Amino acid sequence: MFKKLLLSMLLCSALSFQAFALNNEETYPYQNLLLNEDTDVDRVVLGEKIKNLALNMHFSEKTTIGKVMDYSEFRSFKDLLFPIKKKSDLELPLEDLYKLMPLHHNVSAYETVECVEYLADIADFGQKVFYKIYPHNENNNIGIFYFRGKPDAPFAVIVSGGFGYQSIMHEGFPLALELSKQGYNAFVLSQSSKRVIDLSLYLVDAIAYIQNHAEVLNVDPNNYSLWGTSVGAQVIINVTHHDNKGNLAGKLKVRSTMNVLLYPISYYATKRDVPTVIVVGQQDKIVNQSVLHSAIANLEELQIPAMHIVLPGLAHGFGLGPDINVDQEGVSWVKKVLKFWKDNTHDAIIAKFNKGN
């Protein structure tokens, strides 16, 4: 059992092996094991080291999607994990998940295994993985997956894209796990609708659910960020602004302190925006690059902090990208965004935007 726990810690947190020279007789909270500062271990090298360890894991790259979905702790939310369209899809191994995601790039088998292993370990450790935001509605499986960071740290809510199919395993979970490694609490909204307005309303309710249960979830209810990819970014824009009938305006009790829009299809800044980051691939032919450049200029004109990150060589739907430690300046784009978040969450700035600037 100890070896199994040791391996899962290594896999999920991508930390150095020395950080896990633990005493068998001591008890450590799982989330604290994820917070070692040495998070820059080469993922590929670490993956090869793990492959050489003869330890018992739940899954591997060869595990079929169907077997993952049948894992006992996943059964209540198994239909939310993969973009299954026909029965034969269940026979695909995790390493072939990319075949079910034709609109996405850089679908990593390593990241897929890492994420499902994390969820299984959390469940085995006796902690809740999935929270229904409408718990009294048995027919409604809308909810959030929780990737734990430091107790009482700020939280992030991630809305993946996909639209035509479920992309949470590529655009949601890997990003959430990366944020948790950096100490932030991360929630991923389940994709149970193809309608942007539905997802927008679910996001509003998910944020309220987290804030109403902040003490139980161990998060800071007043400091949170929203991260959305493609259609998920449009959902965040809806919530930040409003739909064409104004139904979402003012719905959030406490506004986010940062929005991160990964390859949004289009975006026009308004005075209702909060500090915003746009991340896009240089080779993205789907988004309107010139409109996004203009949006950054408009945010700056409105005196709203903004940052534009263009990742070389990447097209639409890249998720974390093939190497999250490299952007045009050789710096992790995730860490750059987190620094931007920290720099723009001083009390005065938070108060300014919560007043509805």
# chains A, B, ... in the order shown; residues from 1 in each chain; ligands from 1
$ residues_around --residues "A:Glu91" --least-positions-apart "3" --cutoff "12 Å" --atoms "only C-alpha atoms" --output "PDB file with C-alpha atoms, in the first residue's frame"
ATOM      1  CA  LYS A  62      -2.436   0.673 -22.378  1.00  0.00           C
ATOM      2  CA  THR A  63      -5.481   0.691 -20.083  1.00  0.00           C
ATOM      3  CA  THR A  64      -8.689   0.928 -22.083  1.00  0.00           C
ATOM      4  CA  ILE A  65     -11.035   3.860 -21.666  1.00  0.00           C
ATOM      5  CA  GLY A  66     -13.788   1.423 -20.701  1.00  0.00           C
ATOM      6  CA  LYS A  67     -11.702  -0.016 -17.870  1.00  0.00           C
ATOM      7  CA  VAL A  68     -11.006   3.462 -16.496  1.00  0.00           C
ATOM      8  CA  MET A  69     -14.710   4.293 -16.601  1.00  0.00           C
ATOM      9  CA  ILE A  84     -17.434   8.555 -26.079  1.00  0.00           C
ATOM     10  CA  LYS A  86     -19.964   4.696 -29.798  1.00  0.00           C
ATOM     11  CA  LYS A  87     -19.407   1.454 -27.921  1.00  0.00           C
ATOM     12  CA  SER A  88     -16.168   0.628 -29.739  1.00  0.00           C
ATOM     13  CA  LEU A  94      -5.635   5.796 -23.097  1.00  0.00           C
ATOM     14  CA  GLU A  95      -2.686   6.385 -25.407  1.00  0.00           C
ATOM     15  CA  ASP A  96      -5.153   6.607 -28.311  1.00  0.00           C
ATOM     16  CA  LEU A  97      -7.446   9.197 -26.736  1.00  0.00           C
ATOM     17  CA  LEU A 100     -11.509  10.784 -30.285  1.00  0.00           C
TER      18      LEU A 100
END
$ residues_around --residues "A:Ser160" --least-positions-apart "2" --cutoff "10 Å" --atoms "only C-alpha atoms" --output "list of chain:residue names"
A:Val157, A:Ile158, A:Gly162, A:Phe163, A:Gln166, A:Ser167, A:Ile168, A:Met169, A:His170, A:Glu171, A:Gly172, A:Phe173, A:Leu175, A:Val188, A:Leu189, A:Ser190, A:Gln191, A:Trp227, A:Gly228, A:Thr229, A:Ser230, A:Val231, A:Gly232, A:Ala233, A:Val235, A:Leu262, A:Gly317, A:Gly319
$ residues_around --residues "A:Phe340" --least-positions-apart "4" --cutoff "12 Å" --atoms "only C-alpha atoms" --output "PyMOL selection string"
chain A and resi 225+257-260+275-278+305-309+333-336+344-346
$ closest_residue --among "A:Gly183, A:Pro264, A:Gly149, A:Gly321" --to "A:Val291" --atoms "only C-alpha atoms"
A:Pro264
$ select_by_dssp --residues "stretch 68-269 of chain A" --states "helix (DSSP H, G or I)" --output "VMD selection string"
chain A and resid 68 to 69 72 to 74 78 to 80 87 to 91 94 to 100 109 to 124 168 to 181 196 to 212 214 to 217 231 to 240
$ decode --residues "stretch 251-278 of chain A" --atoms "N, CA and C atoms" --output "mmCIF file, in the first residue's frame"
data_model
loop_
_atom_site.group_PDB
_atom_site.id
_atom_site.type_symbol
_atom_site.label_atom_id
_atom_site.label_comp_id
_atom_site.auth_asym_id
_atom_site.auth_seq_id
_atom_site.Cartn_x
_atom_site.Cartn_y
_atom_site.Cartn_z
ATOM 1 N N LYS A 251 -24.664 38.619 -11.707
ATOM 2 C CA LYS A 251 -25.019 37.363 -11.044
ATOM 3 C C LYS A 251 -23.973 36.911 -10.029
ATOM 4 N N LEU A 252 -22.725 37.251 -10.265
ATOM 5 C CA LEU A 252 -21.656 36.812 -9.376
ATOM 6 C C LEU A 252 -21.635 37.661 -8.107
ATOM 7 N N LYS A 253 -21.640 36.982 -6.951
ATOM 8 C CA LYS A 253 -21.580 37.702 -5.676
ATOM 9 C C LYS A 253 -20.242 38.410 -5.522
ATOM 10 N N VAL A 254 -19.183 37.707 -5.861
ATOM 11 C CA VAL A 254 -17.830 38.265 -5.820
ATOM 12 C C VAL A 254 -17.203 37.993 -7.179
ATOM 13 N N ARG A 255 -16.758 39.021 -7.843
ATOM 14 C CA ARG A 255 -16.190 38.846 -9.173
ATOM 15 C C ARG A 255 -14.803 38.217 -9.099
ATOM 16 N N SER A 256 -14.426 37.548 -10.160
ATOM 17 C CA SER A 256 -13.100 36.928 -10.223
ATOM 18 C C SER A 256 -12.030 38.008 -10.177
ATOM 19 N N THR A 257 -10.854 37.638 -9.703
ATOM 20 C CA THR A 257 -9.742 38.587 -9.665
ATOM 21 C C THR A 257 -8.852 38.466 -10.894
ATOM 22 N N MET A 258 -9.125 37.452 -11.723
ATOM 23 C CA MET A 258 -8.412 37.314 -12.997
ATOM 24 C C MET A 258 -9.185 36.362 -13.891
ATOM 25 N N ASN A 259 -9.220 36.688 -15.178
ATOM 26 C CA ASN A 259 -9.756 35.771 -16.180
ATOM 27 C C ASN A 259 -8.639 35.378 -17.135
ATOM 28 N N VAL A 260 -8.568 34.086 -17.435
ATOM 29 C CA VAL A 260 -7.573 33.578 -18.382
ATOM 30 C C VAL A 260 -8.328 32.968 -19.552
ATOM 31 N N LEU A 261 -8.145 33.547 -20.721
ATOM 32 C CA LEU A 261 -8.864 33.117 -21.914
ATOM 33 C C LEU A 261 -7.870 32.441 -22.852
ATOM 34 N N LEU A 262 -7.944 31.115 -22.928
ATOM 35 C CA LEU A 262 -7.069 30.370 -23.819
ATOM 36 C C LEU A 262 -7.758 30.180 -25.161
ATOM 37 N N TYR A 263 -7.101 30.675 -26.188
ATOM 38 C CA TYR A 263 -7.600 30.686 -27.566
ATOM 39 C C TYR A 263 -9.107 30.905 -27.682
ATOM 40 N N PRO A 264 -9.572 32.079 -27.165
ATOM 41 C CA PRO A 264 -10.993 32.428 -27.352
ATOM 42 C C PRO A 264 -11.267 32.711 -28.828
ATOM 43 N N ILE A 265 -12.451 32.362 -29.296
ATOM 44 C CA ILE A 265 -12.777 32.589 -30.703
ATOM 45 C C ILE A 265 -12.754 34.085 -31.017
ATOM 46 N N SER A 266 -13.310 34.884 -30.116
ATOM 47 C CA SER A 266 -13.321 36.332 -30.287
ATOM 48 C C SER A 266 -13.527 36.964 -28.918
ATOM 49 N N TYR A 267 -13.187 38.233 -28.788
ATOM 50 C CA TYR A 267 -13.295 38.873 -27.473
ATOM 51 C C TYR A 267 -13.213 40.383 -27.620
ATOM 52 N N TYR A 268 -14.159 41.066 -27.019
ATOM 53 C CA TYR A 268 -14.174 42.527 -27.017
ATOM 54 C C TYR A 268 -14.216 43.011 -25.571
ATOM 55 N N ALA A 269 -13.248 43.813 -25.195
ATOM 56 C CA ALA A 269 -13.125 44.256 -23.814
ATOM 57 C C ALA A 269 -14.195 45.283 -23.461
ATOM 58 N N THR A 270 -14.613 45.260 -22.188
ATOM 59 C CA THR A 270 -15.548 46.261 -21.668
ATOM 60 C C THR A 270 -15.058 46.701 -20.294
ATOM 61 N N LYS A 271 -15.689 47.725 -19.765
ATOM 62 C CA LYS A 271 -15.306 48.223 -18.448
ATOM 63 C C LYS A 271 -15.653 47.244 -17.335
ATOM 64 N N ARG A 272 -16.458 46.212 -17.630
ATOM 65 C CA ARG A 272 -16.801 45.206 -16.624
ATOM 66 C C ARG A 272 -15.712 44.155 -16.467
ATOM 67 N N ASP A 273 -14.713 44.176 -17.328
ATOM 68 C CA ASP A 273 -13.666 43.158 -17.275
ATOM 69 C C ASP A 273 -12.778 43.324 -16.053
ATOM 70 N N VAL A 274 -12.204 42.212 -15.631
ATOM 71 C CA VAL A 274 -11.211 42.182 -14.556
ATOM 72 C C VAL A 274 -9.851 41.944 -15.211
ATOM 73 N N PRO A 275 -8.751 41.987 -14.460
ATOM 74 C CA PRO A 275 -7.450 41.666 -15.055
ATOM 75 C C PRO A 275 -7.528 40.392 -15.897
ATOM 76 N N THR A 276 -7.028 40.475 -17.110
ATOM 77 C CA THR A 276 -7.265 39.423 -18.095
ATOM 78 C C THR A 276 -5.982 39.007 -18.798
ATOM 79 N N VAL A 277 -5.864 37.689 -19.021
ATOM 80 C CA VAL A 277 -4.755 37.128 -19.791
ATOM 81 C C VAL A 277 -5.342 36.385 -20.987
ATOM 82 N N ILE A 278 -4.777 36.610 -22.147
ATOM 83 C CA ILE A 278 -5.145 35.854 -23.344
ATOM 84 C C ILE A 278 -3.942 35.006 -23.746
#
